[in-house]
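To start, the structure under review is shown below, and the notes come after it.
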Amino acid sequence: QVQLVESGAGLVQAGGSLRLSCAASGRAFSGYAVGWFRQAPGKEREFVAGISRSGASTSYADSVKGRFTISRDNAKNTVYLQMNSLKPEDTAVYYCAAKGTVLRGQVVQVTYEYDYWGQGTQVTVSS
């Protein structure tokens, strides 16, 4: 079992920055691929960014490429999402998720493939 807790929620003006954290407890976190997803009101949950077990491989949605950076510190059992140049359309509840039984270098982009989810954290970007 892995428990995930997101933090870093906030209200920020367009063009600003936020850093989200996803802290994991439980079994060896370094064995899990991790993803960040978001869900805006009335919309489906969508992939934002993903990172492999070691952190060597990453993937981003086109809408956030060049603005968001995902990273991880396995010694601290934590994955981060640095969000820069935020836009009002980035407003959503952000979730982190973890998937075990992954290949080296594998990044998972599909929601239903993830085994564990955090409770979500609200990000609001004002115009």
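Residue names in the structure tokens use chain letters A, B, ... in the order shown, residue numbers from 1 in each chain, and ligand numbers from 1 in the order shown.
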
Which polymer residues have any atom within 9 Å of an atom of range 90-98 of chain A, counting only C-alpha atoms, with same-chain residues fewer than 6 positions away left out, as a PyMOL selection string? chain A and resi 2+4-6+9+20-22+29+32-41+48+64+79+111+114-126

Members of chain A assigned strand (DSSP E or B) by DSSP, as a PyMOL selection string: chain A and resi 2-7+10-13+18-26+33-39+46-51+58-60+68-73+78-83+92-99+116-117+121-126

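Near Ser59 in chain A, within 12 Å and counting only C-alpha atoms, sit Ala33, Val34, Gly35, Trp36, Phe47, Val48, Ala49, Gly50, Ile51, Ser52, Gly55, Ala56, Ser57, Ala61, Asp62, Ser63, Val64, Lys65, Gly66, Phe68, Thr69, Ile70, Ser71, Gly105, Gln106, Val107, Val108, Gln109 and Val110 of chain A, not including residues fewer than 2 positions from it in the same chain.
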
Grab the residues selected above and save them as a compact mmCIF listing (two decimals), in the first residue's frame with N, CA, C and O atoms.
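result.txt was written with the following content:
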```
# COMPACT_ATOMS: atom_id res chain seq x y z
N ALA A 33 6.18 4.49 -10.62
CA ALA A 33 6.06 5.63 -11.51
C ALA A 33 4.98 6.54 -10.94
O ALA A 33 4.02 6.07 -10.30
N VAL A 34 5.13 7.83 -11.14
CA VAL A 34 4.20 8.80 -10.56
C VAL A 34 3.70 9.75 -11.64
O VAL A 34 4.44 10.11 -12.56
N GLY A 35 2.46 10.13 -11.52
CA GLY A 35 1.89 11.09 -12.44
C GLY A 35 1.13 12.17 -11.71
O GLY A 35 0.65 11.97 -10.58
N TRP A 36 1.04 13.33 -12.34
CA TRP A 36 0.16 14.42 -11.89
C TRP A 36 -0.98 14.53 -12.88
O TRP A 36 -0.76 14.53 -14.11
N PHE A 47 -4.29 14.02 -17.83
CA PHE A 47 -2.87 13.87 -17.54
C PHE A 47 -2.17 15.22 -17.65
O PHE A 47 -2.41 15.98 -18.61
N VAL A 48 -1.27 15.49 -16.71
CA VAL A 48 -0.49 16.72 -16.74
C VAL A 48 0.99 16.40 -16.96
O VAL A 48 1.62 16.93 -17.87
N ALA A 49 1.53 15.53 -16.12
CA ALA A 49 2.96 15.19 -16.21
C ALA A 49 3.18 13.85 -15.53
O ALA A 49 2.45 13.47 -14.62
N GLY A 50 4.22 13.15 -15.99
CA GLY A 50 4.55 11.87 -15.40
C GLY A 50 6.06 11.70 -15.31
O GLY A 50 6.82 12.33 -16.05
N ILE A 51 6.48 10.83 -14.38
CA ILE A 51 7.90 10.61 -14.17
C ILE A 51 8.13 9.13 -13.87
O ILE A 51 7.31 8.47 -13.24
N SER A 52 9.26 8.63 -14.35
CA SER A 52 9.60 7.22 -14.16
C SER A 52 10.11 6.99 -12.74
O SER A 52 10.29 7.92 -11.96
N GLY A 55 13.29 8.82 -12.11
CA GLY A 55 13.23 10.24 -12.46
C GLY A 55 13.94 10.56 -13.76
O GLY A 55 13.93 11.70 -14.20
N ALA A 56 14.52 9.53 -14.40
CA ALA A 56 15.28 9.77 -15.62
C ALA A 56 14.39 10.11 -16.80
O ALA A 56 14.82 10.79 -17.74
N SER A 57 13.14 9.64 -16.78
CA SER A 57 12.21 9.89 -17.89
C SER A 57 11.02 10.68 -17.40
O SER A 57 10.49 10.41 -16.32
N ALA A 61 1.87 16.86 -20.80
CA ALA A 61 0.80 17.22 -21.71
C ALA A 61 1.24 18.43 -22.52
O ALA A 61 1.99 19.28 -22.02
N ASP A 62 0.76 18.51 -23.74
CA ASP A 62 1.15 19.63 -24.60
C ASP A 62 0.80 20.97 -23.98
O ASP A 62 1.52 21.96 -24.16
N SER A 63 -0.29 21.01 -23.24
CA SER A 63 -0.77 22.27 -22.68
C SER A 63 0.14 22.84 -21.60
O SER A 63 0.05 24.02 -21.27
N VAL A 64 1.05 22.02 -21.05
CA VAL A 64 1.91 22.49 -19.97
C VAL A 64 3.40 22.42 -20.32
O VAL A 64 4.23 22.87 -19.53
N LYS A 65 3.72 21.89 -21.47
CA LYS A 65 5.13 21.78 -21.86
C LYS A 65 5.80 23.14 -21.86
O LYS A 65 5.25 24.11 -22.37
N GLY A 66 7.00 23.17 -21.29
CA GLY A 66 7.74 24.42 -21.23
C GLY A 66 7.38 25.29 -20.05
O GLY A 66 8.07 26.27 -19.76
N PHE A 68 5.65 23.65 -16.96
CA PHE A 68 5.64 22.80 -15.77
C PHE A 68 6.84 21.86 -15.80
O PHE A 68 7.27 21.42 -16.87
N THR A 69 7.34 21.53 -14.62
CA THR A 69 8.44 20.57 -14.49
C THR A 69 8.13 19.60 -13.38
O THR A 69 7.85 20.01 -12.25
N ILE A 70 8.19 18.32 -13.70
CA ILE A 70 8.00 17.28 -12.69
C ILE A 70 9.37 16.74 -12.28
O ILE A 70 10.27 16.60 -13.11
N SER A 71 9.53 16.49 -11.00
CA SER A 71 10.79 15.93 -10.49
C SER A 71 10.47 15.09 -9.26
O SER A 71 9.36 15.13 -8.74
N GLY A 105 12.28 3.28 -16.71
CA GLY A 105 12.09 4.34 -17.69
C GLY A 105 10.65 4.55 -18.13
O GLY A 105 10.37 5.46 -18.91
N GLN A 106 9.73 3.73 -17.65
CA GLN A 106 8.34 3.84 -18.08
C GLN A 106 7.64 5.01 -17.41
O GLN A 106 7.73 5.20 -16.21
N VAL A 107 6.94 5.78 -18.23
CA VAL A 107 6.10 6.87 -17.74
C VAL A 107 4.66 6.52 -18.13
O VAL A 107 4.39 6.18 -19.27
N VAL A 108 3.76 6.63 -17.18
CA VAL A 108 2.36 6.23 -17.40
C VAL A 108 1.49 7.46 -17.54
O VAL A 108 1.50 8.33 -16.67
N GLN A 109 0.74 7.53 -18.63
CA GLN A 109 -0.09 8.70 -18.90
C GLN A 109 -1.59 8.43 -18.74
O GLN A 109 -2.37 9.36 -18.79
N VAL A 110 -1.94 7.17 -18.56
CA VAL A 110 -3.35 6.80 -18.56
C VAL A 110 -3.89 6.71 -17.15
O VAL A 110 -3.33 6.01 -16.30
```

Could you name the residues that touch Met83 in chain A at 6 Å or less, counting only C-alpha atoms, but leaving out those on the same chain fewer than 2 positions away, as a CSV table (one decimal) with N, CA and C atoms, in the first residue's frame?
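Result file selection-v3.csv:
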```csv
chain,number,residue,atom,x,y,z
A,17,SER,N,3.7,31.5,-10.1
A,17,SER,CA,4.2,30.2,-10.0
A,17,SER,C,3.7,29.5,-8.7
A,18,LEU,N,3.7,28.2,-8.7
A,18,LEU,CA,3.4,27.4,-7.6
A,18,LEU,C,4.2,26.1,-7.7
A,19,ARG,N,4.5,25.5,-6.5
A,19,ARG,CA,5.1,24.2,-6.5
A,19,ARG,C,4.2,23.3,-5.7
A,68,PHE,N,5.6,23.7,-17.0
A,68,PHE,CA,5.6,22.8,-15.8
A,68,PHE,C,6.8,21.9,-15.8
```

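Minimum atom-to-atom distances from A:Ala23, A:Lys43, A:Ala28, A:Ser127 to Gly8 in chain A were compared using only C-alpha atoms, and the lowest value belongs to A:Ala23.
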
Between CA of Ser25 in chain A and CA of Val102 in chain A, what is the distance, to one decimal in Å? 18.5 Å
